[in-house]
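Structure below is query_29.txt: compact mmCIF, N, CA and C atoms.
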```txt
# COMPACT_ATOMS: atom_id res chain seq x y z
N MET A 1 0.84 -1.17 0.00
CA MET A 1 0.00 0.00 0.00
C MET A 1 0.88 1.24 0.00
N SER A 2 0.49 2.20 -0.82
CA SER A 2 1.20 3.48 -0.87
C SER A 2 0.19 4.61 -0.83
N LEU A 3 0.65 5.75 -0.37
CA LEU A 3 -0.14 6.98 -0.38
C LEU A 3 0.49 7.90 -1.40
N TYR A 4 -0.30 8.31 -2.40
CA TYR A 4 0.15 9.23 -3.43
C TYR A 4 -0.55 10.57 -3.22
N VAL A 5 0.25 11.64 -3.13
CA VAL A 5 -0.31 12.97 -2.90
C VAL A 5 0.04 13.85 -4.08
N ASP A 6 -0.98 14.36 -4.75
CA ASP A 6 -0.80 15.35 -5.82
C ASP A 6 -0.46 16.65 -5.09
N ALA A 7 0.84 16.89 -4.89
CA ALA A 7 1.30 17.85 -3.89
C ALA A 7 1.35 19.30 -4.35
N ASP A 8 1.26 19.57 -5.65
CA ASP A 8 1.23 20.97 -6.09
C ASP A 8 -0.03 21.63 -5.55
N ALA A 9 0.13 22.67 -4.77
CA ALA A 9 -0.98 23.44 -4.18
C ALA A 9 -1.90 22.59 -3.29
N CYS A 10 -1.36 21.57 -2.68
CA CYS A 10 -2.15 20.70 -1.79
C CYS A 10 -2.15 21.29 -0.37
N PRO A 11 -3.32 21.63 0.16
CA PRO A 11 -3.36 22.24 1.50
C PRO A 11 -3.26 21.24 2.64
N VAL A 12 -3.22 19.95 2.36
CA VAL A 12 -3.24 18.95 3.43
C VAL A 12 -2.00 18.05 3.43
N LYS A 13 -0.89 18.56 2.92
CA LYS A 13 0.36 17.77 2.91
C LYS A 13 0.76 17.37 4.33
N ASP A 14 0.70 18.29 5.26
CA ASP A 14 1.11 17.98 6.64
C ASP A 14 0.26 16.87 7.25
N GLU A 15 -1.05 16.90 6.99
CA GLU A 15 -1.93 15.86 7.50
C GLU A 15 -1.57 14.50 6.88
N CYS A 16 -1.22 14.52 5.60
CA CYS A 16 -0.81 13.27 4.93
C CYS A 16 0.46 12.72 5.55
N LEU A 17 1.43 13.58 5.81
CA LEU A 17 2.70 13.14 6.39
C LEU A 17 2.52 12.60 7.80
N ARG A 18 1.68 13.27 8.60
CA ARG A 18 1.43 12.79 9.96
C ARG A 18 0.77 11.41 9.94
N ALA A 19 -0.25 11.25 9.11
CA ALA A 19 -0.96 9.96 9.06
C ALA A 19 -0.04 8.86 8.53
N ALA A 20 0.72 9.16 7.51
CA ALA A 20 1.63 8.17 6.94
C ALA A 20 2.68 7.74 7.96
N GLY A 21 3.22 8.69 8.69
CA GLY A 21 4.21 8.36 9.71
C GLY A 21 3.61 7.54 10.83
N ARG A 22 2.42 7.91 11.26
CA ARG A 22 1.76 7.21 12.36
C ARG A 22 1.40 5.77 11.96
N LEU A 23 1.00 5.57 10.69
CA LEU A 23 0.55 4.25 10.26
C LEU A 23 1.61 3.47 9.48
N GLY A 24 2.80 4.09 9.28
CA GLY A 24 3.88 3.40 8.58
C GLY A 24 3.61 3.15 7.10
N VAL A 25 3.10 4.16 6.41
CA VAL A 25 2.71 4.03 5.00
C VAL A 25 3.72 4.74 4.11
N GLU A 26 4.21 4.03 3.09
CA GLU A 26 5.08 4.66 2.10
C GLU A 26 4.30 5.75 1.39
N THR A 27 4.89 6.96 1.33
CA THR A 27 4.19 8.13 0.80
C THR A 27 5.01 8.81 -0.28
N PHE A 28 4.32 9.20 -1.35
CA PHE A 28 4.94 9.91 -2.45
C PHE A 28 4.27 11.27 -2.60
N LEU A 29 5.04 12.33 -2.38
CA LEU A 29 4.57 13.69 -2.64
C LEU A 29 5.05 14.05 -4.04
N VAL A 30 4.14 14.17 -4.99
CA VAL A 30 4.50 14.35 -6.39
C VAL A 30 4.20 15.79 -6.79
N CYS A 31 5.23 16.48 -7.33
CA CYS A 31 5.06 17.89 -7.66
C CYS A 31 6.02 18.30 -8.78
N ASN A 32 5.80 19.53 -9.28
CA ASN A 32 6.69 20.11 -10.28
C ASN A 32 7.87 20.82 -9.64
N GLY A 33 7.85 21.01 -8.36
CA GLY A 33 8.93 21.68 -7.65
C GLY A 33 8.39 22.46 -6.47
N GLY A 34 9.28 23.07 -5.74
CA GLY A 34 8.86 23.92 -4.63
C GLY A 34 8.74 23.22 -3.29
N LEU A 35 8.97 21.92 -3.24
CA LEU A 35 8.91 21.21 -1.96
C LEU A 35 10.32 20.80 -1.55
N ARG A 36 10.54 20.80 -0.26
CA ARG A 36 11.82 20.32 0.26
C ARG A 36 11.76 18.81 0.42
N PRO A 37 12.87 18.14 0.21
CA PRO A 37 12.90 16.69 0.46
C PRO A 37 12.57 16.41 1.93
N SER A 38 11.98 15.28 2.18
CA SER A 38 11.60 14.90 3.54
C SER A 38 12.69 14.03 4.15
N ALA A 39 12.91 14.20 5.43
CA ALA A 39 13.87 13.37 6.16
C ALA A 39 13.25 12.05 6.60
N HIS A 40 11.93 11.95 6.53
CA HIS A 40 11.24 10.73 6.96
C HIS A 40 11.56 9.60 5.98
N PRO A 41 11.94 8.42 6.49
CA PRO A 41 12.36 7.32 5.60
C PRO A 41 11.23 6.77 4.72
N LEU A 42 9.97 6.98 5.09
CA LEU A 42 8.87 6.46 4.29
C LEU A 42 8.31 7.49 3.30
N VAL A 43 8.85 8.70 3.32
CA VAL A 43 8.32 9.77 2.46
C VAL A 43 9.33 10.10 1.37
N ARG A 44 8.84 10.05 0.13
CA ARG A 44 9.67 10.44 -1.01
C ARG A 44 9.01 11.60 -1.73
N VAL A 45 9.78 12.65 -1.99
CA VAL A 45 9.29 13.76 -2.78
C VAL A 45 9.74 13.49 -4.21
N ILE A 46 8.77 13.43 -5.12
CA ILE A 46 9.03 13.14 -6.52
C ILE A 46 8.85 14.42 -7.31
N PHE A 47 9.91 14.85 -7.96
CA PHE A 47 9.84 16.04 -8.82
C PHE A 47 9.69 15.59 -10.26
N VAL A 48 8.58 15.95 -10.89
CA VAL A 48 8.34 15.61 -12.28
C VAL A 48 8.72 16.79 -13.16
N THR A 49 8.88 16.54 -14.44
CA THR A 49 9.23 17.62 -15.36
C THR A 49 8.11 18.64 -15.42
N ASP A 50 8.49 19.87 -15.72
CA ASP A 50 7.50 20.93 -15.88
C ASP A 50 6.58 20.60 -17.04
N GLY A 51 5.34 20.90 -16.88
CA GLY A 51 4.39 20.64 -17.95
C GLY A 51 3.03 20.32 -17.37
N PRO A 52 2.01 20.50 -18.19
CA PRO A 52 0.66 20.25 -17.68
C PRO A 52 0.45 18.78 -17.34
N ASP A 53 -0.07 18.57 -16.18
CA ASP A 53 -0.50 17.23 -15.73
C ASP A 53 0.61 16.20 -15.60
N GLU A 54 1.87 16.61 -15.51
CA GLU A 54 2.96 15.63 -15.37
C GLU A 54 2.87 14.90 -14.03
N ALA A 55 2.55 15.61 -12.96
CA ALA A 55 2.40 14.96 -11.65
C ALA A 55 1.22 13.98 -11.70
N ASP A 56 0.14 14.39 -12.34
CA ASP A 56 -1.04 13.52 -12.46
C ASP A 56 -0.69 12.25 -13.23
N LYS A 57 0.06 12.40 -14.32
CA LYS A 57 0.45 11.23 -15.12
C LYS A 57 1.30 10.27 -14.30
N TRP A 58 2.23 10.82 -13.51
CA TRP A 58 3.12 9.98 -12.70
C TRP A 58 2.30 9.16 -11.71
N ILE A 59 1.36 9.81 -11.06
CA ILE A 59 0.52 9.12 -10.08
C ILE A 59 -0.37 8.09 -10.77
N ALA A 60 -1.01 8.49 -11.86
CA ALA A 60 -1.94 7.60 -12.57
C ALA A 60 -1.25 6.33 -13.06
N GLU A 61 0.01 6.43 -13.43
CA GLU A 61 0.75 5.26 -13.90
C GLU A 61 1.04 4.27 -12.78
N ARG A 62 1.00 4.71 -11.53
CA ARG A 62 1.41 3.86 -10.41
C ARG A 62 0.29 3.47 -9.46
N ALA A 63 -0.73 4.29 -9.33
CA ALA A 63 -1.80 4.01 -8.36
C ALA A 63 -2.52 2.71 -8.74
N ALA A 64 -2.78 1.90 -7.73
CA ALA A 64 -3.40 0.60 -7.96
C ALA A 64 -4.30 0.24 -6.78
N LYS A 65 -4.94 -0.90 -6.90
CA LYS A 65 -5.79 -1.39 -5.82
C LYS A 65 -4.98 -1.47 -4.54
N GLY A 66 -5.56 -0.95 -3.46
CA GLY A 66 -4.88 -0.96 -2.17
C GLY A 66 -4.12 0.32 -1.87
N ASP A 67 -4.00 1.22 -2.86
CA ASP A 67 -3.34 2.50 -2.65
C ASP A 67 -4.36 3.57 -2.32
N VAL A 68 -3.88 4.68 -1.78
CA VAL A 68 -4.72 5.85 -1.51
C VAL A 68 -4.12 7.02 -2.26
N VAL A 69 -4.99 7.77 -2.95
CA VAL A 69 -4.56 8.94 -3.72
C VAL A 69 -5.27 10.16 -3.16
N VAL A 70 -4.52 11.23 -2.93
CA VAL A 70 -5.08 12.50 -2.46
C VAL A 70 -4.90 13.51 -3.59
N THR A 71 -6.03 14.03 -4.09
CA THR A 71 -5.97 14.98 -5.20
C THR A 71 -7.25 15.79 -5.29
N ALA A 72 -7.15 16.96 -5.89
CA ALA A 72 -8.31 17.77 -6.24
C ALA A 72 -8.57 17.68 -7.74
N ASP A 73 -7.69 16.98 -8.45
CA ASP A 73 -7.80 16.87 -9.91
C ASP A 73 -8.76 15.73 -10.26
N ILE A 74 -9.89 16.08 -10.84
CA ILE A 74 -10.94 15.09 -11.09
C ILE A 74 -10.53 14.06 -12.15
N PRO A 75 -9.89 14.45 -13.27
CA PRO A 75 -9.46 13.41 -14.22
C PRO A 75 -8.47 12.42 -13.60
N LEU A 76 -7.53 12.91 -12.79
CA LEU A 76 -6.62 12.00 -12.09
C LEU A 76 -7.41 11.09 -11.15
N ALA A 77 -8.36 11.65 -10.43
CA ALA A 77 -9.18 10.85 -9.52
C ALA A 77 -9.91 9.75 -10.28
N ALA A 78 -10.43 10.06 -11.46
CA ALA A 78 -11.15 9.07 -12.26
C ALA A 78 -10.22 7.92 -12.66
N LYS A 79 -8.99 8.25 -13.05
CA LYS A 79 -8.02 7.20 -13.41
C LYS A 79 -7.67 6.34 -12.20
N ALA A 80 -7.48 6.99 -11.05
CA ALA A 80 -7.11 6.25 -9.84
C ALA A 80 -8.26 5.35 -9.38
N VAL A 81 -9.49 5.86 -9.46
CA VAL A 81 -10.66 5.04 -9.09
C VAL A 81 -10.75 3.83 -10.03
N ALA A 82 -10.55 4.06 -11.33
CA ALA A 82 -10.60 2.96 -12.30
C ALA A 82 -9.53 1.91 -12.02
N ALA A 83 -8.40 2.35 -11.46
CA ALA A 83 -7.31 1.42 -11.12
C ALA A 83 -7.55 0.70 -9.80
N GLY A 84 -8.58 1.09 -9.07
CA GLY A 84 -8.91 0.42 -7.81
C GLY A 84 -8.40 1.12 -6.57
N ALA A 85 -7.79 2.29 -6.73
CA ALA A 85 -7.28 3.03 -5.57
C ALA A 85 -8.42 3.74 -4.84
N LEU A 86 -8.21 4.01 -3.57
CA LEU A 86 -9.12 4.85 -2.80
C LEU A 86 -8.68 6.30 -3.04
N VAL A 87 -9.64 7.19 -3.30
CA VAL A 87 -9.31 8.57 -3.65
C VAL A 87 -10.02 9.52 -2.71
N LEU A 88 -9.25 10.50 -2.20
CA LEU A 88 -9.81 11.54 -1.33
C LEU A 88 -9.52 12.91 -1.90
N ARG A 89 -10.52 13.78 -1.80
CA ARG A 89 -10.32 15.19 -2.10
C ARG A 89 -9.77 15.86 -0.84
N HIS A 90 -9.35 17.10 -0.96
CA HIS A 90 -8.73 17.80 0.18
C HIS A 90 -9.68 18.04 1.34
N ASP A 91 -10.98 18.04 1.08
CA ASP A 91 -11.93 18.25 2.17
C ASP A 91 -12.39 16.93 2.80
N GLY A 92 -11.79 15.82 2.37
CA GLY A 92 -12.12 14.52 2.94
C GLY A 92 -13.17 13.75 2.17
N GLU A 93 -13.76 14.35 1.13
CA GLU A 93 -14.75 13.65 0.33
C GLU A 93 -14.08 12.52 -0.44
N ALA A 94 -14.66 11.34 -0.35
CA ALA A 94 -14.15 10.20 -1.10
C ALA A 94 -14.74 10.22 -2.51
N LEU A 95 -13.90 10.00 -3.50
CA LEU A 95 -14.36 9.86 -4.87
C LEU A 95 -14.32 8.37 -5.19
N THR A 96 -15.46 7.85 -5.61
CA THR A 96 -15.62 6.41 -5.82
C THR A 96 -16.21 6.16 -7.20
N ALA A 97 -16.34 4.89 -7.55
CA ALA A 97 -16.97 4.54 -8.82
C ALA A 97 -18.41 5.05 -8.87
N ALA A 98 -19.05 5.19 -7.71
CA ALA A 98 -20.44 5.64 -7.65
C ALA A 98 -20.60 7.14 -7.90
N ASN A 99 -19.57 7.94 -7.60
CA ASN A 99 -19.76 9.39 -7.74
C ASN A 99 -18.76 10.08 -8.67
N ILE A 100 -17.80 9.36 -9.23
CA ILE A 100 -16.79 10.02 -10.07
C ILE A 100 -17.40 10.55 -11.36
N GLY A 101 -18.40 9.88 -11.90
CA GLY A 101 -19.06 10.37 -13.11
C GLY A 101 -19.70 11.73 -12.89
N ASN A 102 -20.39 11.89 -11.76
CA ASN A 102 -20.99 13.19 -11.42
C ASN A 102 -19.92 14.26 -11.23
N ALA A 103 -18.81 13.89 -10.61
CA ALA A 103 -17.72 14.86 -10.39
C ALA A 103 -17.12 15.31 -11.73
N LEU A 104 -16.95 14.38 -12.66
CA LEU A 104 -16.44 14.74 -13.99
C LEU A 104 -17.42 15.64 -14.73
N ALA A 105 -18.72 15.33 -14.65
CA ALA A 105 -19.74 16.16 -15.31
C ALA A 105 -19.76 17.57 -14.72
N MET A 106 -19.66 17.67 -13.39
CA MET A 106 -19.66 18.99 -12.74
C MET A 106 -18.42 19.78 -13.14
N ARG A 107 -17.29 19.12 -13.23
CA ARG A 107 -16.05 19.78 -13.65
C ARG A 107 -16.23 20.35 -15.05
N ASP A 108 -16.79 19.56 -15.96
CA ASP A 108 -16.99 20.02 -17.34
C ASP A 108 -17.99 21.18 -17.39
N LEU A 109 -19.06 21.09 -16.61
CA LEU A 109 -20.05 22.17 -16.57
C LEU A 109 -19.41 23.46 -16.08
N MET A 110 -18.62 23.39 -15.01
CA MET A 110 -17.99 24.60 -14.47
C MET A 110 -16.99 25.18 -15.48
N ALA A 111 -16.28 24.32 -16.21
CA ALA A 111 -15.36 24.82 -17.24
C ALA A 111 -16.12 25.56 -18.32
N ASP A 112 -17.29 25.04 -18.72
CA ASP A 112 -18.11 25.71 -19.72
C ASP A 112 -18.63 27.05 -19.22
N LEU A 113 -19.05 27.10 -17.96
CA LEU A 113 -19.53 28.36 -17.38
C LEU A 113 -18.42 29.40 -17.32
N ARG A 114 -17.23 28.98 -16.94
CA ARG A 114 -16.10 29.92 -16.90
C ARG A 114 -15.76 30.42 -18.29
N ALA A 115 -15.82 29.55 -19.28
CA ALA A 115 -15.52 29.94 -20.66
C ALA A 115 -16.57 30.91 -21.20
N ALA A 116 -17.82 30.76 -20.78
CA ALA A 116 -18.90 31.62 -21.25
C ALA A 116 -18.84 33.01 -20.63
N ASP A 117 -18.24 33.12 -19.45
CA ASP A 117 -18.14 34.41 -18.76
C ASP A 117 -16.71 34.59 -18.27
N PRO A 118 -15.83 35.12 -19.13
CA PRO A 118 -14.41 35.24 -18.75
C PRO A 118 -14.16 36.20 -17.58
N PHE A 119 -15.17 36.99 -17.22
CA PHE A 119 -15.00 37.94 -16.11
C PHE A 119 -15.51 37.37 -14.79
N ARG A 120 -16.02 36.16 -14.84
CA ARG A 120 -16.52 35.50 -13.63
C ARG A 120 -15.35 35.29 -12.67
N GLN A 121 -15.56 35.64 -11.41
CA GLN A 121 -14.49 35.49 -10.43
C GLN A 121 -14.99 34.67 -9.26
N GLY A 122 -14.04 34.04 -8.60
CA GLY A 122 -14.36 33.31 -7.38
C GLY A 122 -15.21 32.09 -7.65
N GLY A 123 -16.14 31.83 -6.78
CA GLY A 123 -17.00 30.67 -6.90
C GLY A 123 -16.64 29.60 -5.89
N GLY A 124 -15.40 29.57 -5.46
CA GLY A 124 -14.98 28.58 -4.48
C GLY A 124 -15.12 29.14 -3.08
N ARG A 125 -15.10 28.27 -2.11
CA ARG A 125 -15.16 28.73 -0.72
C ARG A 125 -13.81 28.52 -0.07
N MET A 126 -13.63 29.14 1.05
CA MET A 126 -12.37 29.05 1.78
C MET A 126 -12.19 27.64 2.34
N PHE A 127 -10.94 27.22 2.46
CA PHE A 127 -10.60 25.94 3.08
C PHE A 127 -10.58 26.17 4.59
N THR A 128 -11.40 25.45 5.32
CA THR A 128 -11.59 25.72 6.75
C THR A 128 -10.90 24.69 7.64
N LYS A 129 -10.86 25.00 8.92
CA LYS A 129 -10.33 24.05 9.90
C LYS A 129 -11.18 22.78 9.92
N GLN A 130 -12.48 22.94 9.72
CA GLN A 130 -13.37 21.78 9.68
C GLN A 130 -13.03 20.89 8.48
N ASP A 131 -12.72 21.51 7.33
CA ASP A 131 -12.31 20.74 6.15
C ASP A 131 -11.04 19.95 6.46
N ARG A 132 -10.09 20.61 7.12
CA ARG A 132 -8.82 19.96 7.46
C ARG A 132 -9.04 18.79 8.41
N ALA A 133 -9.88 18.97 9.41
CA ALA A 133 -10.18 17.91 10.37
C ALA A 133 -10.93 16.77 9.70
N ARG A 134 -11.90 17.11 8.84
CA ARG A 134 -12.65 16.09 8.11
C ARG A 134 -11.71 15.28 7.21
N PHE A 135 -10.76 15.97 6.56
CA PHE A 135 -9.80 15.28 5.71
C PHE A 135 -8.94 14.32 6.54
N ALA A 136 -8.42 14.78 7.67
CA ALA A 136 -7.53 13.95 8.49
C ALA A 136 -8.25 12.68 8.94
N ALA A 137 -9.51 12.82 9.35
CA ALA A 137 -10.28 11.64 9.77
C ALA A 137 -10.55 10.71 8.59
N ALA A 138 -10.89 11.28 7.44
CA ALA A 138 -11.17 10.46 6.25
C ALA A 138 -9.90 9.75 5.78
N LEU A 139 -8.75 10.42 5.86
CA LEU A 139 -7.50 9.80 5.45
C LEU A 139 -7.15 8.63 6.36
N ASP A 140 -7.31 8.80 7.65
CA ASP A 140 -7.07 7.68 8.58
C ASP A 140 -7.95 6.48 8.22
N ARG A 141 -9.25 6.74 7.97
CA ARG A 141 -10.16 5.65 7.60
C ARG A 141 -9.72 4.98 6.30
N ALA A 142 -9.36 5.80 5.31
CA ALA A 142 -8.97 5.26 4.00
C ALA A 142 -7.69 4.43 4.10
N LEU A 143 -6.72 4.91 4.85
CA LEU A 143 -5.47 4.17 4.99
C LEU A 143 -5.68 2.85 5.73
N ARG A 144 -6.52 2.88 6.75
CA ARG A 144 -6.82 1.64 7.48
C ARG A 144 -7.59 0.66 6.60
N ALA A 145 -8.52 1.18 5.80
CA ALA A 145 -9.29 0.31 4.90
C ALA A 145 -8.39 -0.28 3.82
N ALA A 146 -7.48 0.52 3.29
CA ALA A 146 -6.58 0.03 2.24
C ALA A 146 -5.62 -1.03 2.77
N ALA A 147 -5.29 -0.95 4.06
CA ALA A 147 -4.37 -1.91 4.66
C ALA A 147 -4.99 -3.29 4.85
N ARG A 148 -6.31 -3.34 4.79
CA ARG A 148 -7.00 -4.64 5.00
C ARG A 148 -6.89 -5.54 3.82
```

Mind turning this structure into structure tokens?
Amino acid sequence: MSLYVDADACPVKDECLRAAGRLGVETFLVCNGGLRPSAHPLVRVIFVTDGPDEADKWIAERAAKGDVVVTADIPLAAKAVAAGALVLRHDGEALTAANIGNALAMRDLMADLRAADPFRQGGGRMFTKQDRARFAAALDRALRAAAR
């Protein structure tokens, strides 16, 4: 079992590292740069080449049944779900075979709305302490479930 974190702009890296250390899970923080290497023996920081979706491609090629993937990227989540991995968004929401289709459709709808109104701003809400706590609890559950 491995934990893969789409680490570019990920607000829950610290929670991932704490859970991985506590449960002894090999963890990969995958990014284009900007992260310091970790001293923890189970944590590897993977630097991919610059380019769109390179971190996503790296994770998608490796995620498999029994792994946990943390990402906000819906296409990556769809690939990981198809591979049998457990997938969590940053707020702790699990993306599964039952709901990934709706998430992809919503992503496409929002892209169309943004394209139709280039002056549209915002739309997202702030990341809260409750989101962080919900994520930490969901990650613990996912890691324990994947270990079974």

What is the atom N of Arg22 of chain A-atom C of Val81 of chain A distance in Å, reported with one decimal?
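A separation of 25.4 Å between them.
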
What's the separation between atom CA of Phe127 of chain A and atom CA of Pro11 of chain A, in Å to one decimal place?
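These two atoms are separated by 8.3 Å.
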
Rank nothing, just name the residue among A:Leu3, A:Val45, A:Cys16, A:Ile100 nearest to Ala133 of chain A, using only C-alpha atoms.
A:Cys16

Residues near Pro52 of chain A, cut-off 12 Å, only C-alpha atoms, skip fewer than 6 positions along chain, as a list in words:
Asp8, Cys31, Asn32, Trp58 and Asp73 of chain A

Mind pulling up the distance from atom C of Lys129 of chain A to atom N of Ala64 of chain A?
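Computing it gives 28.6 Å between the two atoms.
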
Give, as lines of an AutoDock Vina configuration file, the centre coordinates and the x, y and z edge lengths in Å to one decimal for an axis-aligned box around all listed atoms of segment 31-37 of chain A, padded by 3 Å on each side.
```
center_x = 9.0
center_y = 20.2
center_z = -4.2
size_x = 13.8
size_y = 13.5
size_z = 18.2
```

Taking 6 positions as the minimum chain separation for residues in the same chain, which residues sit within 9 Å of segment 77-80 of chain A when counting only C-alpha atoms? Answer as a VMD selection string.
chain A and resid 59 to 65 67 to 71 86 to 89 95 to 97 100 to 101 103 to 104

List every protein, DNA or RNA residue that has at least one atom no more than 6.5 Å from (7.4, 9.2, -3.1) in the file's coordinates, counting all atoms listed in the file, and write the result as a list in words.
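Using all atoms listed in the file, the matching residues come out as Glu26, Thr27, Phe28, Leu29, Val30, Val43, Arg44, Val45 and Ile46 of chain A.
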
Name the residues of chain A that come out as helix (DSSP H, G or I) in a backbone DSSP run; write them as a PyMOL selection string.
chain A and resi 13-23+54-62+74-82+100-116+129-147
